[in-house]
>>> print(open('target_18.txt').read())   # compact mmCIF, C-alpha atoms
# COMPACT_ATOMS: atom_id res chain seq x y z
CA MET X 151 89.71 -99.20 0.39
CA ASP X 152 91.84 -96.31 1.53
CA ARG X 153 94.70 -97.04 -0.89
CA ILE X 154 95.15 -98.80 -4.21
CA ARG X 155 98.13 -99.63 -6.41
CA LEU X 156 98.01 -99.49 -10.22
CA ARG X 157 101.14 -100.55 -12.08
CA ASP X 158 103.95 -98.44 -10.58
CA LYS X 159 101.76 -95.83 -8.80
CA GLU X 160 99.96 -95.63 -5.47
CA PHE X 161 96.71 -93.78 -4.93
CA GLU X 162 94.74 -92.76 -1.83
CA LEU X 163 90.99 -92.31 -1.39
CA PHE X 164 89.96 -88.85 -2.55
CA ILE X 165 86.20 -88.75 -3.29
CA PRO X 166 83.93 -91.50 -1.90
CA GLU X 167 81.10 -92.95 -3.99
CA GLU X 168 78.34 -91.24 -1.97
CA GLU X 169 79.80 -87.78 -2.66
CA ILE X 170 80.03 -88.65 -6.35
CA LYS X 171 76.37 -89.73 -6.47
CA GLU X 172 75.23 -86.56 -4.68
CA ALA X 173 77.12 -84.43 -7.23
CA ILE X 174 75.55 -86.36 -10.13
CA ALA X 175 72.07 -85.87 -8.66
CA ARG X 176 72.67 -82.09 -8.52
CA VAL X 177 73.90 -82.06 -12.14
CA ALA X 178 70.87 -84.11 -13.25
CA GLY X 179 68.49 -81.65 -11.60
CA ARG X 180 70.05 -78.70 -13.42
CA ILE X 181 70.09 -80.50 -16.76
CA ARG X 182 66.46 -81.63 -16.38
CA ALA X 183 65.37 -78.03 -15.82
CA ASP X 184 67.43 -76.73 -18.77
CA VAL X 185 66.42 -79.31 -21.40
CA LYS X 186 62.73 -79.74 -20.67
CA ASP X 187 60.60 -79.17 -23.75
CA THR X 188 63.55 -80.02 -26.02
CA ARG X 189 64.67 -83.27 -27.58
CA PRO X 190 68.31 -83.37 -26.42
CA LEU X 191 70.87 -85.90 -27.56
CA PHE X 192 73.22 -86.97 -24.80
CA VAL X 193 76.72 -87.94 -25.93
CA GLY X 194 78.84 -89.95 -23.51
CA ILE X 195 82.55 -89.49 -24.13
CA LEU X 196 84.33 -92.83 -23.88
CA ASN X 197 86.09 -94.40 -22.26
CA GLY X 198 86.17 -92.37 -19.07
CA ALA X 199 82.59 -91.10 -18.86
CA PHE X 200 80.82 -94.47 -19.05
CA MET X 201 80.10 -94.64 -15.29
CA PHE X 202 79.10 -90.97 -15.06
CA ALA X 203 76.88 -91.30 -18.15
CA ALA X 204 75.12 -94.38 -16.78
CA GLU X 205 74.42 -92.82 -13.39
CA LEU X 206 73.42 -89.47 -14.91
CA MET X 207 70.92 -91.11 -17.25
CA ARG X 208 69.48 -93.11 -14.32
CA GLN X 209 69.10 -89.86 -12.37
CA LEU X 210 67.41 -88.10 -15.30
CA ASP X 211 64.98 -91.03 -15.63
CA GLU X 212 63.49 -89.74 -18.90
CA PRO X 213 63.31 -91.25 -22.40
CA TYR X 214 66.25 -89.20 -23.66
CA GLU X 215 68.38 -90.41 -26.56
CA ILE X 216 72.00 -91.26 -25.78
CA THR X 217 74.94 -92.14 -27.98
CA PHE X 218 78.67 -92.39 -27.43
CA ALA X 219 81.85 -91.05 -29.01
CA ARG X 220 85.49 -91.64 -28.23
CA TYR X 221 88.39 -89.20 -28.27
CA SER X 222 91.81 -89.54 -26.73
CA SER X 223 94.64 -87.20 -25.79
CA TYR X 224 96.29 -88.93 -22.79
CA LYS X 225 99.20 -91.34 -22.39
CA GLY X 226 100.02 -92.34 -18.82
CA THR X 227 99.53 -89.37 -16.49
CA ARG X 228 100.04 -86.66 -19.14
CA THR X 229 98.17 -85.22 -22.08
CA THR X 230 99.83 -85.56 -25.46
CA GLY X 231 98.28 -82.29 -26.64
CA ILE X 232 96.91 -84.08 -29.71
CA VAL X 233 93.22 -85.01 -29.86
CA ARG X 234 92.56 -88.27 -31.68
CA GLU X 235 89.01 -89.00 -32.86
CA ILE X 236 88.64 -92.75 -32.37
CA MET X 237 84.86 -93.07 -32.68
CA PRO X 238 82.87 -90.02 -33.86
CA VAL X 239 79.27 -89.31 -32.91
CA GLN X 240 77.17 -91.59 -35.14
CA ALA X 241 73.81 -89.83 -34.69
CA ASP X 242 72.60 -86.93 -36.83
CA VAL X 243 73.31 -83.79 -34.80
CA LYS X 244 71.87 -81.20 -37.21
CA GLY X 245 69.52 -78.83 -35.42
CA ARG X 246 69.77 -80.76 -32.13
CA THR X 247 70.67 -79.70 -28.63
CA LEU X 248 73.54 -81.89 -27.48
CA VAL X 249 74.69 -82.52 -23.93
CA LEU X 250 78.21 -83.93 -23.85
CA ILE X 251 78.89 -86.13 -20.84
CA GLU X 252 82.58 -86.06 -19.88
CA ASP X 253 84.39 -87.56 -16.90
CA ILE X 254 86.89 -84.75 -16.31
CA ILE X 255 87.91 -81.40 -17.74
CA ASP X 256 91.51 -80.42 -17.14
CA THR X 257 93.24 -78.59 -20.03
CA GLY X 258 89.91 -78.42 -21.88
CA PHE X 259 91.48 -78.98 -25.31
CA THR X 260 89.68 -82.26 -26.05
CA MET X 261 86.21 -80.95 -25.25
CA GLN X 262 86.87 -77.66 -27.04
CA TYR X 263 87.80 -79.68 -30.14
CA VAL X 264 84.70 -81.89 -29.84
CA MET X 265 82.30 -79.00 -29.22
CA ASP X 266 83.68 -76.99 -32.16
CA LYS X 267 83.40 -80.05 -34.43
CA LEU X 268 79.79 -80.73 -33.42
CA ARG X 269 78.82 -77.09 -33.98
CA LYS X 270 80.40 -77.26 -37.46
CA ASP X 271 78.38 -80.45 -38.05
CA GLY X 272 75.19 -78.42 -37.47
CA ALA X 273 74.27 -78.90 -33.80
CA ALA X 274 71.91 -76.13 -32.66
CA ASP X 275 73.44 -76.01 -29.17
CA VAL X 276 76.21 -77.95 -27.45
CA LYS X 277 76.27 -78.11 -23.67
CA LEU X 278 78.93 -79.78 -21.54
CA ALA X 279 78.38 -81.78 -18.37
CA THR X 280 81.47 -82.96 -16.50
CA LEU X 281 81.70 -84.97 -13.34
CA LEU X 282 85.03 -83.38 -12.40
CA PHE X 283 86.56 -80.02 -13.26
CA LYS X 284 90.14 -78.86 -12.65
CA PRO X 285 89.87 -75.09 -13.15
CA ASP X 286 93.58 -74.56 -12.34
CA SER X 287 94.55 -76.84 -15.26
CA LEU X 288 92.34 -75.18 -17.88
CA LYS X 289 94.33 -73.89 -20.86
CA CYS X 290 91.55 -72.67 -23.14
CA ALA X 291 88.35 -70.62 -22.99
CA LEU X 292 86.10 -73.56 -22.15
CA ILE X 293 83.45 -73.24 -19.45
CA PRO X 294 81.44 -76.38 -18.65
CA ASP X 295 77.69 -75.85 -18.33
CA TYR X 296 77.34 -78.46 -15.58
CA VAL X 297 80.04 -79.37 -13.05
CA GLY X 298 79.70 -82.12 -10.50
CA ILE X 299 82.82 -81.48 -8.38
CA ARG X 300 85.65 -78.95 -8.70
CA ILE X 301 88.98 -80.48 -7.78
CA PRO X 302 92.65 -79.42 -7.54
CA ASN X 303 95.22 -80.42 -10.13
CA ASP X 304 95.87 -83.97 -8.85
CA PHE X 305 96.06 -87.06 -11.07
CA ILE X 306 93.07 -89.25 -10.19
CA VAL X 307 91.63 -92.67 -11.03
CA GLY X 308 88.41 -94.54 -10.41
CA TYR X 309 84.78 -94.04 -11.39
CA GLY X 310 85.71 -94.28 -15.07
CA LEU X 311 89.08 -92.54 -14.88
CA ASP X 312 92.21 -94.56 -15.55
CA TYR X 313 95.95 -94.80 -15.36
CA ASP X 314 97.06 -96.50 -18.59
CA GLU X 315 93.62 -98.18 -18.89
CA MET X 316 93.65 -99.49 -15.30
CA GLY X 317 91.44 -98.43 -12.38
CA ARG X 318 88.27 -97.35 -14.22
CA GLY X 319 85.99 -99.75 -12.33
CA TYR X 320 86.47 -98.41 -8.81
CA ARG X 321 83.34 -96.86 -7.27
CA ASP X 322 85.39 -94.23 -5.44
CA ILE X 323 87.92 -91.76 -6.84
CA TYR X 324 91.56 -91.96 -5.76
CA LYS X 325 94.37 -89.42 -6.15
CA ILE X 326 97.99 -90.21 -6.82
CA ILE X 327 100.39 -90.22 -3.88
CA ASP X 328 103.62 -88.40 -4.58
CA CYS X 329 106.34 -90.82 -3.55
>>> encode(input="target_18.txt", output="structure tokens")
Amino acid sequence: MDRIRLRDKEFELFIPEEEIKEAIARVAGRIRADVKDTRPLFVGILNGAFMFAAELMRQLDEPYEITFARYSSYKGTRTTGIVREIMPVQADVKGRTLVLIEDIIDTGFTMQYVMDKLRKDGAADVKLATLLFKPDSLKCALIPDYVGIRIPNDFIVGYGLDYDEMGRGYRDIYKIIDC
């Protein structure tokens, strides 16, 4: 599909599924090289990163441990600026290398909060893998360790990303059309 409609917004095709999968394969290769000989814990950040986490773990194809956590800071197309911890990491992180799996980094506040919290909880190292990175939107000193695709500051949906909880299941990524 070249265009989709979610609630009151229209979106056009931005990143096709094949490009997404190629980016994930590149990220997986870098992670595999960096975490060999360690016992990393992968942490998928819900809800958005579920598709990225699933494909990344398939690409890694190793017996790594994975868990999930959920944080929220968005309402509609805007961040609220307040990070809410909905479901914390349940696994013991003390002394472990963690690889956070996030769908998108824009302001960076949510992941900065999560990474700082996990370090305080005793993680030995916290790395960040993101499918999408909006460097022009970054508002803190956060640098992801692994970036699939750098994108401009457009609002996007699909491949786990949503607009008011709609649109996560699309295999492609779509950007909002300014009407």
>>> atom_distance(input="target_18.txt", atom1="CA of Asp304 in chain X", atom2="CA of Phe161 in chain X")
10.6 Å
>>> residues_around(input="target_18.txt", residues="Glu169 in chain X", least_positions_apart="4", cutoff="10 Å", atoms="all atoms listed in the file", output="ChimeraX atom specification")
/X:165,173-175,298-299,322-323
>>> write_last_selection(input="target_18.txt", atoms="C-alpha atoms", output="short mmCIF file (atom, residue, chain, number, x, y, z; two decimals), keeping the file's coordinate frame")
data_model
loop_
_atom_site.label_atom_id
_atom_site.label_comp_id
_atom_site.auth_asym_id
_atom_site.auth_seq_id
_atom_site.Cartn_x
_atom_site.Cartn_y
_atom_site.Cartn_z
CA ILE X 165 86.20 -88.75 -3.29
CA ALA X 173 77.12 -84.43 -7.23
CA ILE X 174 75.55 -86.36 -10.13
CA ALA X 175 72.07 -85.87 -8.66
CA GLY X 298 79.70 -82.12 -10.50
CA ILE X 299 82.82 -81.48 -8.38
CA ASP X 322 85.39 -94.23 -5.44
CA ILE X 323 87.92 -91.76 -6.84
#
>>> residues_around(input="target_18.txt", residues="Lys244 in chain X", least_positions_apart="2", cutoff="10 Å", atoms="only C-alpha atoms", output="list of chain:residue names")
X:Ala241, X:Asp242, X:Arg246, X:Thr247, X:Leu248, X:Leu268, X:Arg269, X:Lys270, X:Asp271, X:Gly272, X:Ala273, X:Ala274, X:Asp275
>>> atom_distance(input="target_18.txt", atom1="CA of Val239 in chain X", atom2="CA of Pro190 in chain X")
14.1 Å
>>> axis_aligned_box(input="target_18.txt", around="range 272-287 of chain X", padding_each_side="6 Å", output="lines of an AutoDock Vina configuration file")
center_x = 83.2
center_y = -79.8
center_z = -24.9
size_x = 34.6
size_y = 22.4
size_z = 37.1
>>> residues_around(input="target_18.txt", residues="Asp184 in chain X", least_positions_apart="6", cutoff="12 Å", atoms="all atoms listed in the file", output="JSON, numbers by chain")
{"X": [177, 178, 190, 210, 247, 248, 249, 277, 295, 296]}
>>> residues_around(input="target_18.txt", residues="Glu252 in chain X", least_positions_apart="2", cutoff="8 Å", atoms="all atoms listed in the file", output="list of chain:residue names")
X:Gly194, X:Ile195, X:Gly198, X:Ala199, X:Phe202, X:Ala203, X:Leu250, X:Ile254, X:Ile255, X:Leu278, X:Ala279, X:Thr280, X:Leu281
>>> closest_residue(input="target_18.txt", among="X:Tyr309, X:Tyr214, X:Gly258, X:Val264", to="Cys290 in chain X", atoms="all atoms listed in the file")
X:Gly258
>>> atom_distance(input="target_18.txt", atom1="CA of Ile306 in chain X", atom2="CA of Ile181 in chain X")
25.5 Å
>>> residues_around(input="target_18.txt", residues="Ile232 in chain X", least_positions_apart="5", cutoff="9 Å", atoms="all atoms listed in the file", output="JSON, numbers by chain")
{"X": [222, 223, 224, 259, 260]}
>>> closest_residue(input="target_18.txt", among="X:Lys325, X:Arg189, X:Lys171, X:Lys284", to="Arg208 in chain X", atoms="only C-alpha atoms")
X:Lys171
>>> closest_residue(input="target_18.txt", among="X:Tyr313, X:Phe305, X:Lys289, X:Arg176", to="Phe164 in chain X", atoms="only C-alpha atoms")
X:Phe305
>>> closest_residue(input="target_18.txt", among="X:Tyr320, X:Ala204, X:Ile326, X:Asp256", to="Pro294 in chain X", atoms="all atoms listed in the file")
X:Asp256
>>> residues_near_point(input="target_18.txt", point="(94.2, -97.4, -18.7)", cutoff="12 Å", atoms="only C-alpha atoms", output="PyMOL selection string")
chain X and resi 156-157+197-198+222+224-227+306-308+310-319
>>> closest_residue(input="target_18.txt", among="X:Leu196, X:Val276, X:Met207, X:Met261", to="Val233 in chain X", atoms="all atoms listed in the file")
X:Met261
>>> closest_residue(input="target_18.txt", among="X:Met237, X:Ala183, X:Ile170, X:Ala219", to="Phe200 in chain X", atoms="only C-alpha atoms")
X:Ala219
